[in-house]
Amino acid sequence: MKRHETYKLVAERLEDRRVLAVVSFAANAVGDSAAQASSVFAADIDNDGDLDIVTASDNDNSIAWYPNQDGLGSFGSRNVISTEVLGSYSVTAADIDGDGDVDVISASLMDDKIAWYENLDGAGTFGTQNVVTDTADGAESVRAADLDGDGDLDLLVASEIDSLVSWYENLDGRGEFGPQHIISDQASDVEKAVAADLDGDGDLDVLSASFADNKIAWYENVDGSGTFGSPNIISAATNGATVVIAADLDGDQDLDIVTGSYTDGTIEWYSNDGQGGFAAPQSIGTNAIGVYSLDVADMDQDGDLDVISAAMNTNTITWYENGGTSDRFVLQYTVSSLLHRPMTVISADLDNDGDMDIVSASSRNGQVTWFENRVVGDANDDGRFDSSDLILVFQAGEYEDDTTGNSTYADGDWNGDREFDSGDLVLAFQAGTYAEAARTATVDQLFALTGDIAANVPSKLTKRTDNRWMKLC
């Protein structure tokens, strides 16, 4: 295709397509030595004011962390916390012993173990493994939460082989845990359990997602002290339920829930009436086959919570824009479709710039990746999309070249497919973020470094009057 025809196509696409979100994501590798990375969590492990990354790796049976060296997302080498975990499957971080720093907690599938590791100096030096239990048969997930309302953090566990949702009390606030308290034995092949105040009474209830019986259920914390009622079934038709989270998606000050179906790729949300009564499901997405992880965050800084998914079978990280009352989840955007069975996704501000980035762990190649939240088209990472970005990407010389998968965000790949082509230009200009100072820049100026491109494209960049996107004309 000739260059001028390509630019004409860009303009035509801009006429036809709806305005897109004003953010996109630049991929950055954290490390590739986390063999079959199954879980990832962000926390300030070394107490230096930025977020580090903690991982659980299945194949090499390890728990490890990566320091955020500069607070801007440049990560150091992998620090192994423990290798005494057989099939480590879940990791989280919290102050278990009440000393003001962040400890690490793990669940390992093959040795049925829940364990925690003390941050001895508050700077990321960890002690030996403290075993909470080694009888959680098929320990699938672990979360820290104050389930008995005594001011310290207990542990909430889902174990898939014995199909138990259970919790362990932090007896002394210093990490001495009591015996197992069973919340439910009716969640067949339970995958996840999370804590949230679903009925608005000030204590933490529990949610579970169970794969074999397709169920999403919640359990009321009856007395606020960790006595839980019988299961309240929200859905028995979540086909291969693998994940459930709680968040206020509709802005009415109570916690709704979001669910993921591994088998059919459906992501849905259920509105809460504020007392734990949930409405019929509403669709968020239908193509996340193999979805295993969800998170929520305000990705586009418009004041509401968006949804992020990791789908193992499609190798895809996707975010779903919460558009408000009339079109809450109409639009979705691929962050990356080039991962290797992403198993976990979380949101966190890793570069301290005030917006939410994304972190994923890929189980097949062990890659931990973070995706920087950027203004669409901001190739040089200066916080704006202007002529300097266009000069940079065309100077790189990768526009519709014959090399597959060779482009980075700095080279013009703004839609995450590792290519720089007209799709990236459509995305960037339609987002409407092109800077005011650059709107009168001539194409000859912008593409002076790209040989014959300037001779084959129209002469000026102009702005459409509704301020929503740029058009080549």
# chains A, B, ... in the order shown; residues from 1 in each chain; ligands from 1
call {"tool": "residues_around", "arguments": {"residues": "Pro231 of chain A", "least_positions_apart": "3", "cutoff": "8 Å", "atoms": "only C-alpha atoms", "output": "PyMOL selection string"}}
result
chain A and resi 184+217-220
call {"tool": "atom_distance", "arguments": {"atom1": "atom CA of Lys215 of chain A", "atom2": "atom CA of Gly87 of chain A"}}
result
25.1 Å
call {"tool": "residues_around", "arguments": {"residues": "segment 291-302 of chain A", "least_positions_apart": "3", "cutoff": "9 Å", "atoms": "only C-alpha atoms", "output": "compact mmCIF listing (two decimals) with all heavy atoms, in the first residue's frame"}}
result
# COMPACT_ATOMS: atom_id res chain seq x y z
N ALA A 21 -10.33 5.34 24.41
CA ALA A 21 -9.76 5.82 25.65
C ALA A 21 -8.46 6.56 25.38
O ALA A 21 -7.81 6.37 24.35
CB ALA A 21 -9.50 4.64 26.59
N VAL A 22 -8.08 7.41 26.33
CA VAL A 22 -6.91 8.27 26.13
C VAL A 22 -5.64 7.65 26.69
O VAL A 22 -4.62 8.32 26.79
CB VAL A 22 -7.14 9.65 26.77
CG1 VAL A 22 -8.29 10.35 26.08
CG2 VAL A 22 -7.39 9.54 28.27
N VAL A 23 -5.68 6.37 27.08
CA VAL A 23 -4.49 5.72 27.60
C VAL A 23 -4.18 4.47 26.79
O VAL A 23 -5.05 3.86 26.18
CB VAL A 23 -4.65 5.34 29.09
CG1 VAL A 23 -4.85 6.58 29.94
CG2 VAL A 23 -5.80 4.36 29.31
N ALA A 241 -16.12 -21.43 37.09
CA ALA A 241 -15.81 -20.21 37.85
C ALA A 241 -14.41 -20.29 38.43
O ALA A 241 -14.08 -21.22 39.17
CB ALA A 241 -16.83 -20.03 38.96
N THR A 242 -13.58 -19.33 38.08
CA THR A 242 -12.20 -19.31 38.56
C THR A 242 -11.86 -18.10 39.41
O THR A 242 -10.87 -18.13 40.15
CB THR A 242 -11.21 -19.35 37.38
OG1 THR A 242 -11.60 -18.37 36.41
CG2 THR A 242 -11.17 -20.73 36.75
N VAL A 243 -12.63 -17.04 39.30
CA VAL A 243 -12.23 -15.81 39.98
C VAL A 243 -13.45 -14.97 40.32
O VAL A 243 -14.43 -14.92 39.56
CB VAL A 243 -11.23 -15.01 39.12
CG1 VAL A 243 -11.79 -14.66 37.77
CG2 VAL A 243 -10.73 -13.76 39.85
N VAL A 244 -13.39 -14.32 41.48
CA VAL A 244 -14.40 -13.36 41.90
C VAL A 244 -13.70 -12.26 42.68
O VAL A 244 -12.78 -12.51 43.45
CB VAL A 244 -15.51 -14.03 42.75
CG1 VAL A 244 -14.94 -14.65 44.02
CG2 VAL A 244 -16.62 -13.04 43.07
N ILE A 245 -14.12 -11.01 42.44
CA ILE A 245 -13.60 -9.87 43.19
C ILE A 245 -14.77 -8.95 43.54
O ILE A 245 -15.84 -9.05 42.94
CB ILE A 245 -12.52 -9.09 42.41
CG1 ILE A 245 -13.05 -8.62 41.06
CG2 ILE A 245 -11.27 -9.94 42.22
CD1 ILE A 245 -12.08 -7.76 40.30
N ALA A 246 -14.55 -8.08 44.50
CA ALA A 246 -15.58 -7.14 44.93
C ALA A 246 -15.10 -5.71 44.71
O ALA A 246 -13.95 -5.38 45.03
CB ALA A 246 -15.91 -7.36 46.41
N ALA A 247 -15.98 -4.87 44.18
CA ALA A 247 -15.64 -3.47 43.92
C ALA A 247 -16.93 -2.70 43.63
O ALA A 247 -17.91 -3.27 43.16
CB ALA A 247 -14.69 -3.35 42.74
N LEU A 249 -18.65 -0.84 41.29
CA LEU A 249 -18.61 -0.51 39.86
C LEU A 249 -19.62 0.55 39.46
O LEU A 249 -19.42 1.25 38.47
CB LEU A 249 -18.83 -1.77 39.04
CG LEU A 249 -17.75 -2.84 39.10
CD1 LEU A 249 -18.06 -3.96 38.13
CD2 LEU A 249 -16.37 -2.27 38.83
N VAL A 258 -17.51 -8.96 40.58
CA VAL A 258 -17.11 -9.27 39.21
C VAL A 258 -16.65 -10.72 39.19
O VAL A 258 -15.91 -11.16 40.08
CB VAL A 258 -15.98 -8.36 38.72
CG1 VAL A 258 -15.74 -8.56 37.23
CG2 VAL A 258 -16.28 -6.90 39.03
N THR A 259 -17.10 -11.48 38.18
CA THR A 259 -16.78 -12.90 38.11
C THR A 259 -16.17 -13.25 36.76
O THR A 259 -16.42 -12.58 35.75
CB THR A 259 -18.04 -13.76 38.32
OG1 THR A 259 -18.95 -13.54 37.22
CG2 THR A 259 -18.72 -13.41 39.62
N GLY A 260 -15.38 -14.32 36.75
CA GLY A 260 -14.78 -14.81 35.52
C GLY A 260 -15.07 -16.28 35.31
O GLY A 260 -14.94 -17.09 36.24
N SER A 261 -15.45 -16.62 34.07
CA SER A 261 -15.74 -18.01 33.69
C SER A 261 -14.62 -18.52 32.78
O SER A 261 -14.47 -18.07 31.64
CB SER A 261 -17.08 -18.07 32.95
OG SER A 261 -17.25 -19.33 32.34
N TYR A 262 -13.85 -19.45 33.28
CA TYR A 262 -12.72 -20.00 32.55
C TYR A 262 -13.16 -20.69 31.26
O TYR A 262 -12.53 -20.55 30.22
CB TYR A 262 -11.98 -21.00 33.44
CG TYR A 262 -10.70 -21.56 32.87
CD1 TYR A 262 -9.48 -20.98 33.20
CD2 TYR A 262 -10.70 -22.67 32.04
CE1 TYR A 262 -8.29 -21.49 32.70
CE2 TYR A 262 -9.52 -23.18 31.54
CZ TYR A 262 -8.32 -22.59 31.86
OH TYR A 262 -7.15 -23.09 31.35
N THR A 263 -14.25 -21.42 31.31
CA THR A 263 -14.65 -22.28 30.21
C THR A 263 -15.18 -21.51 29.01
O THR A 263 -14.79 -21.77 27.86
CB THR A 263 -15.71 -23.29 30.68
OG1 THR A 263 -15.20 -24.01 31.81
CG2 THR A 263 -16.05 -24.27 29.58
N ASP A 264 -16.07 -20.56 29.24
CA ASP A 264 -16.65 -19.83 28.11
C ASP A 264 -16.14 -18.40 27.97
O ASP A 264 -16.57 -17.67 27.08
CB ASP A 264 -18.18 -19.85 28.18
CG ASP A 264 -18.75 -19.14 29.40
OD1 ASP A 264 -18.04 -18.35 30.04
OD2 ASP A 264 -19.93 -19.37 29.71
N GLY A 265 -15.25 -17.98 28.85
CA GLY A 265 -14.62 -16.67 28.70
C GLY A 265 -15.50 -15.49 29.07
O GLY A 265 -15.19 -14.35 28.72
N THR A 266 -16.57 -15.73 29.80
CA THR A 266 -17.50 -14.67 30.17
C THR A 266 -17.02 -13.95 31.43
O THR A 266 -16.68 -14.59 32.43
CB THR A 266 -18.91 -15.24 30.41
OG1 THR A 266 -19.37 -15.84 29.19
CG2 THR A 266 -19.87 -14.15 30.83
N ILE A 267 -17.04 -12.63 31.38
CA ILE A 267 -16.81 -11.80 32.57
C ILE A 267 -18.09 -11.01 32.81
O ILE A 267 -18.61 -10.36 31.90
CB ILE A 267 -15.61 -10.86 32.36
CG1 ILE A 267 -14.34 -11.67 32.11
CG2 ILE A 267 -15.42 -9.95 33.58
CD1 ILE A 267 -13.15 -10.83 31.72
N ALA A 288 -12.84 -13.80 26.98
CA ALA A 288 -11.66 -14.05 27.83
C ALA A 288 -11.58 -15.54 28.16
O ALA A 288 -11.65 -15.94 29.33
CB ALA A 288 -11.73 -13.20 29.08
N LEU A 305 -14.44 2.83 38.29
CA LEU A 305 -13.55 1.67 38.28
C LEU A 305 -13.73 0.84 37.01
O LEU A 305 -14.84 0.42 36.69
CB LEU A 305 -13.82 0.79 39.51
CG LEU A 305 -13.44 1.42 40.86
CD1 LEU A 305 -13.87 0.50 42.00
CD2 LEU A 305 -11.95 1.70 40.94
N ASP A 306 -12.63 0.62 36.32
CA ASP A 306 -12.60 -0.24 35.15
C ASP A 306 -12.18 -1.65 35.58
O ASP A 306 -11.79 -1.88 36.72
CB ASP A 306 -11.62 0.35 34.14
CG ASP A 306 -11.88 1.82 33.88
OD1 ASP A 306 -12.99 2.15 33.43
OD2 ASP A 306 -11.00 2.66 34.15
N VAL A 307 -12.24 -2.59 34.66
CA VAL A 307 -11.93 -3.99 34.95
C VAL A 307 -10.79 -4.46 34.06
O VAL A 307 -10.70 -4.06 32.89
CB VAL A 307 -13.19 -4.88 34.73
CG1 VAL A 307 -12.85 -6.36 34.89
CG2 VAL A 307 -14.30 -4.48 35.70
N ILE A 308 -9.91 -5.29 34.62
CA ILE A 308 -8.78 -5.87 33.89
C ILE A 308 -8.86 -7.39 34.00
O ILE A 308 -9.20 -7.92 35.06
CB ILE A 308 -7.44 -5.40 34.47
CG1 ILE A 308 -7.44 -3.91 34.76
CG2 ILE A 308 -6.29 -5.75 33.53
CD1 ILE A 308 -6.36 -3.51 35.75
N SER A 309 -8.54 -8.08 32.91
CA SER A 309 -8.57 -9.55 32.94
C SER A 309 -7.29 -10.13 32.36
O SER A 309 -6.64 -9.53 31.51
CB SER A 309 -9.77 -10.08 32.14
OG SER A 309 -9.59 -9.88 30.75
N ALA A 310 -6.96 -11.33 32.84
CA ALA A 310 -5.90 -12.15 32.25
C ALA A 310 -6.54 -13.45 31.79
O ALA A 310 -7.14 -14.17 32.60
CB ALA A 310 -4.80 -12.44 33.26
N ALA A 311 -6.41 -13.74 30.48
CA ALA A 311 -7.02 -14.94 29.89
C ALA A 311 -5.90 -15.86 29.39
O ALA A 311 -5.17 -15.52 28.46
CB ALA A 311 -7.96 -14.57 28.75
N MET A 312 -5.78 -17.01 30.01
CA MET A 312 -4.67 -17.92 29.70
C MET A 312 -4.76 -18.51 28.30
O MET A 312 -3.76 -18.62 27.60
CB MET A 312 -4.63 -19.05 30.74
CG MET A 312 -4.35 -18.57 32.16
SD MET A 312 -4.47 -19.90 33.38
CE MET A 312 -3.08 -20.92 32.92
N ASN A 313 -5.96 -18.89 27.87
CA ASN A 313 -6.08 -19.59 26.60
C ASN A 313 -5.94 -18.69 25.38
O ASN A 313 -5.63 -19.16 24.28
CB ASN A 313 -7.42 -20.32 26.53
CG ASN A 313 -7.50 -21.48 27.52
OD1 ASN A 313 -6.61 -21.67 28.34
ND2 ASN A 313 -8.58 -22.25 27.44
N THR A 314 -6.16 -17.39 25.56
CA THR A 314 -5.98 -16.44 24.46
C THR A 314 -4.72 -15.60 24.63
O THR A 314 -4.46 -14.72 23.81
CB THR A 314 -7.20 -15.51 24.35
OG1 THR A 314 -7.36 -14.79 25.58
CG2 THR A 314 -8.46 -16.30 24.06
N TRP A 319 -8.36 -4.64 29.17
CA TRP A 319 -9.08 -3.79 30.13
C TRP A 319 -10.38 -3.32 29.52
O TRP A 319 -10.48 -3.08 28.33
CB TRP A 319 -8.21 -2.67 30.67
CG TRP A 319 -8.00 -1.45 29.82
CD1 TRP A 319 -7.09 -1.29 28.83
CD2 TRP A 319 -8.68 -0.18 29.93
NE1 TRP A 319 -7.15 -0.03 28.31
CE2 TRP A 319 -8.12 0.68 28.96
CE3 TRP A 319 -9.70 0.31 30.75
CZ2 TRP A 319 -8.56 1.99 28.79
CZ3 TRP A 319 -10.13 1.61 30.56
CH2 TRP A 319 -9.56 2.44 29.60
N GLU A 321 -13.47 -0.65 29.77
CA GLU A 321 -13.73 0.71 30.24
C GLU A 321 -15.13 0.82 30.83
O GLU A 321 -16.12 0.47 30.20
CB GLU A 321 -13.58 1.71 29.10
CG GLU A 321 -13.77 3.15 29.55
CD GLU A 321 -13.66 4.13 28.41
OE1 GLU A 321 -13.33 3.72 27.27
OE2 GLU A 321 -13.91 5.33 28.65
N ASN A 322 -15.19 1.32 32.06
CA ASN A 322 -16.45 1.63 32.71
C ASN A 322 -16.90 2.99 32.22
O ASN A 322 -16.36 4.03 32.61
CB ASN A 322 -16.26 1.63 34.23
CG ASN A 322 -17.55 1.73 35.00
OD1 ASN A 322 -18.57 2.18 34.48
ND2 ASN A 322 -17.52 1.31 36.26
N GLY A 323 -17.89 3.00 31.33
CA GLY A 323 -18.29 4.23 30.67
C GLY A 323 -19.38 5.00 31.38
O GLY A 323 -19.83 6.03 30.89
N PRO A 342 -0.97 -15.93 30.46
CA PRO A 342 -0.97 -15.06 31.64
C PRO A 342 -1.95 -15.57 32.69
O PRO A 342 -3.12 -15.78 32.41
CB PRO A 342 -1.41 -13.71 31.08
CG PRO A 342 -2.20 -14.04 29.85
CD PRO A 342 -1.55 -15.25 29.28
N MET A 343 -1.45 -15.75 33.89
CA MET A 343 -2.22 -16.40 34.94
C MET A 343 -2.71 -15.41 35.99
O MET A 343 -3.70 -15.66 36.66
CB MET A 343 -1.36 -17.49 35.59
CG MET A 343 -2.11 -18.47 36.42
SD MET A 343 -1.07 -19.89 36.78
CE MET A 343 -2.12 -20.79 37.89
N THR A 344 -1.99 -14.31 36.14
CA THR A 344 -2.36 -13.30 37.12
C THR A 344 -2.21 -11.92 36.52
O THR A 344 -1.28 -11.67 35.75
CB THR A 344 -1.47 -13.39 38.38
OG1 THR A 344 -1.54 -14.71 38.92
CG2 THR A 344 -1.92 -12.40 39.44
N VAL A 345 -3.13 -11.03 36.89
CA VAL A 345 -3.02 -9.62 36.51
C VAL A 345 -3.40 -8.77 37.71
O VAL A 345 -4.35 -9.09 38.43
CB VAL A 345 -3.89 -9.28 35.28
CG1 VAL A 345 -5.37 -9.44 35.58
CG2 VAL A 345 -3.59 -7.90 34.76
N ILE A 346 -2.64 -7.70 37.96
CA ILE A 346 -2.97 -6.76 39.02
C ILE A 346 -2.72 -5.35 38.50
O ILE A 346 -2.04 -5.14 37.50
CB ILE A 346 -2.13 -6.99 40.30
CG1 ILE A 346 -0.63 -6.80 39.99
CG2 ILE A 346 -2.40 -8.36 40.89
CD1 ILE A 346 0.24 -6.75 41.23
N SER A 347 -3.28 -4.38 39.21
CA SER A 347 -3.02 -2.98 38.91
C SER A 347 -2.21 -2.37 40.05
O SER A 347 -2.41 -2.71 41.22
CB SER A 347 -4.33 -2.21 38.72
OG SER A 347 -5.14 -2.33 39.89
N ALA A 348 -1.30 -1.46 39.70
CA ALA A 348 -0.47 -0.80 40.71
C ALA A 348 0.26 0.36 40.04
O ALA A 348 0.59 0.28 38.85
CB ALA A 348 0.53 -1.78 41.32
N ASP A 355 -0.96 7.40 38.02
CA ASP A 355 -1.95 6.56 37.34
C ASP A 355 -1.63 5.09 37.57
O ASP A 355 -0.57 4.74 38.08
CB ASP A 355 -2.03 6.90 35.85
CG ASP A 355 -0.69 6.79 35.13
OD1 ASP A 355 0.08 5.86 35.44
OD2 ASP A 355 -0.41 7.62 34.26
N MET A 356 -2.57 4.25 37.20
CA MET A 356 -2.45 2.83 37.49
C MET A 356 -1.85 2.08 36.31
O MET A 356 -2.36 2.16 35.19
CB MET A 356 -3.81 2.24 37.84
CG MET A 356 -4.44 2.87 39.09
SD MET A 356 -3.40 2.72 40.55
CE MET A 356 -3.58 0.98 40.90
N ASP A 357 -0.79 1.36 36.58
CA ASP A 357 -0.16 0.49 35.61
C ASP A 357 -0.70 -0.93 35.81
O ASP A 357 -1.52 -1.19 36.69
CB ASP A 357 1.36 0.54 35.79
CG ASP A 357 1.88 1.97 35.81
OD1 ASP A 357 1.65 2.71 34.84
OD2 ASP A 357 2.52 2.36 36.82
N ASN A 373 1.14 2.75 32.06
CA ASN A 373 -0.03 3.51 31.62
C ASN A 373 0.45 4.84 31.05
O ASN A 373 0.99 5.67 31.77
CB ASN A 373 -0.96 3.73 32.82
CG ASN A 373 -2.31 4.30 32.45
OD1 ASN A 373 -2.45 4.95 31.42
ND2 ASN A 373 -3.29 4.05 33.29
call {"tool": "residues_around", "arguments": {"residues": "segment 189-206 of chain A", "least_positions_apart": "3", "cutoff": "8 Å", "atoms": "only C-alpha atoms", "output": "number ranges by chain"}}
result
A: 140-143, 145-147, 149, 156-165, 209-213, 218-221, 224, 228, 241-246, 254-256, 272, 274-276
call {"tool": "atom_distance", "arguments": {"atom1": "atom CA of Leu86 of chain A", "atom2": "atom CA of Ser188 of chain A"}}
result
22.5 Å
call {"tool": "atom_distance", "arguments": {"atom1": "atom CA of Ile216 of chain A", "atom2": "atom CA of Ala237 of chain A"}}
result
8.5 Å
call {"tool": "select_by_dssp", "arguments": {"residues": "segment 234-444 of chain A", "states": "strand (DSSP E)", "output": "ChimeraX atom specification"}}
result
/A:234-235,241-247,256-261,267-270,282-285,291-297,306-311,316-320,332-336,342-348,357-362,368-375
call {"tool": "residues_around", "arguments": {"residues": "Leu120 of chain A", "least_positions_apart": "5", "cutoff": "9 Å", "atoms": "only C-alpha atoms", "output": "PyMOL selection string"}}
result
chain A and resi 101+103+125-127
call {"tool": "residues_around", "arguments": {"residues": "Ala428 of chain A", "least_positions_apart": "2", "cutoff": "9 Å", "atoms": "only C-alpha atoms", "output": "number ranges by chain"}}
result
A: 20, 22, 24, 375-378, 385, 414-415, 423-426, 430-434, 469-470
call {"tool": "residues_around", "arguments": {"residues": "Phe25 of chain A", "least_positions_apart": "6", "cutoff": "6 Å", "atoms": "only C-alpha atoms", "output": "compact mmCIF listing (two decimals) with all heavy atoms, in the first residue's frame"}}
result
# COMPACT_ATOMS: atom_id res chain seq x y z
N PHE A 371 3.10 -3.10 32.50
CA PHE A 371 2.65 -2.28 31.39
C PHE A 371 2.42 -0.86 31.91
O PHE A 371 1.52 -0.62 32.72
CB PHE A 371 1.36 -2.84 30.80
CG PHE A 371 1.50 -4.25 30.27
CD1 PHE A 371 1.32 -5.34 31.10
CD2 PHE A 371 1.83 -4.48 28.94
CE1 PHE A 371 1.46 -6.63 30.63
CE2 PHE A 371 1.98 -5.76 28.45
CZ PHE A 371 1.78 -6.85 29.29
N GLU A 372 3.24 0.05 31.42
CA GLU A 372 3.14 1.43 31.87
C GLU A 372 1.94 2.11 31.24
O GLU A 372 1.74 2.07 30.03
CB GLU A 372 4.41 2.20 31.50
CG GLU A 372 4.41 3.64 31.98
CD GLU A 372 5.60 4.42 31.48
OE1 GLU A 372 6.49 3.83 30.82
OE2 GLU A 372 5.65 5.64 31.74
N ASN A 373 1.14 2.75 32.06
CA ASN A 373 -0.03 3.51 31.62
C ASN A 373 0.45 4.84 31.05
O ASN A 373 0.99 5.67 31.77
CB ASN A 373 -0.96 3.73 32.82
CG ASN A 373 -2.31 4.30 32.45
OD1 ASN A 373 -2.45 4.95 31.42
ND2 ASN A 373 -3.29 4.05 33.29
N ARG A 374 0.25 5.02 29.75
CA ARG A 374 0.72 6.23 29.08
C ARG A 374 -0.40 6.89 28.29
O ARG A 374 -1.36 6.24 27.87
CB ARG A 374 1.84 5.92 28.10
CG ARG A 374 3.17 5.56 28.73
CD ARG A 374 4.25 5.69 27.68
NE ARG A 374 5.49 5.07 28.07
CZ ARG A 374 6.56 5.00 27.28
NH1 ARG A 374 6.51 5.51 26.05
NH2 ARG A 374 7.67 4.41 27.69
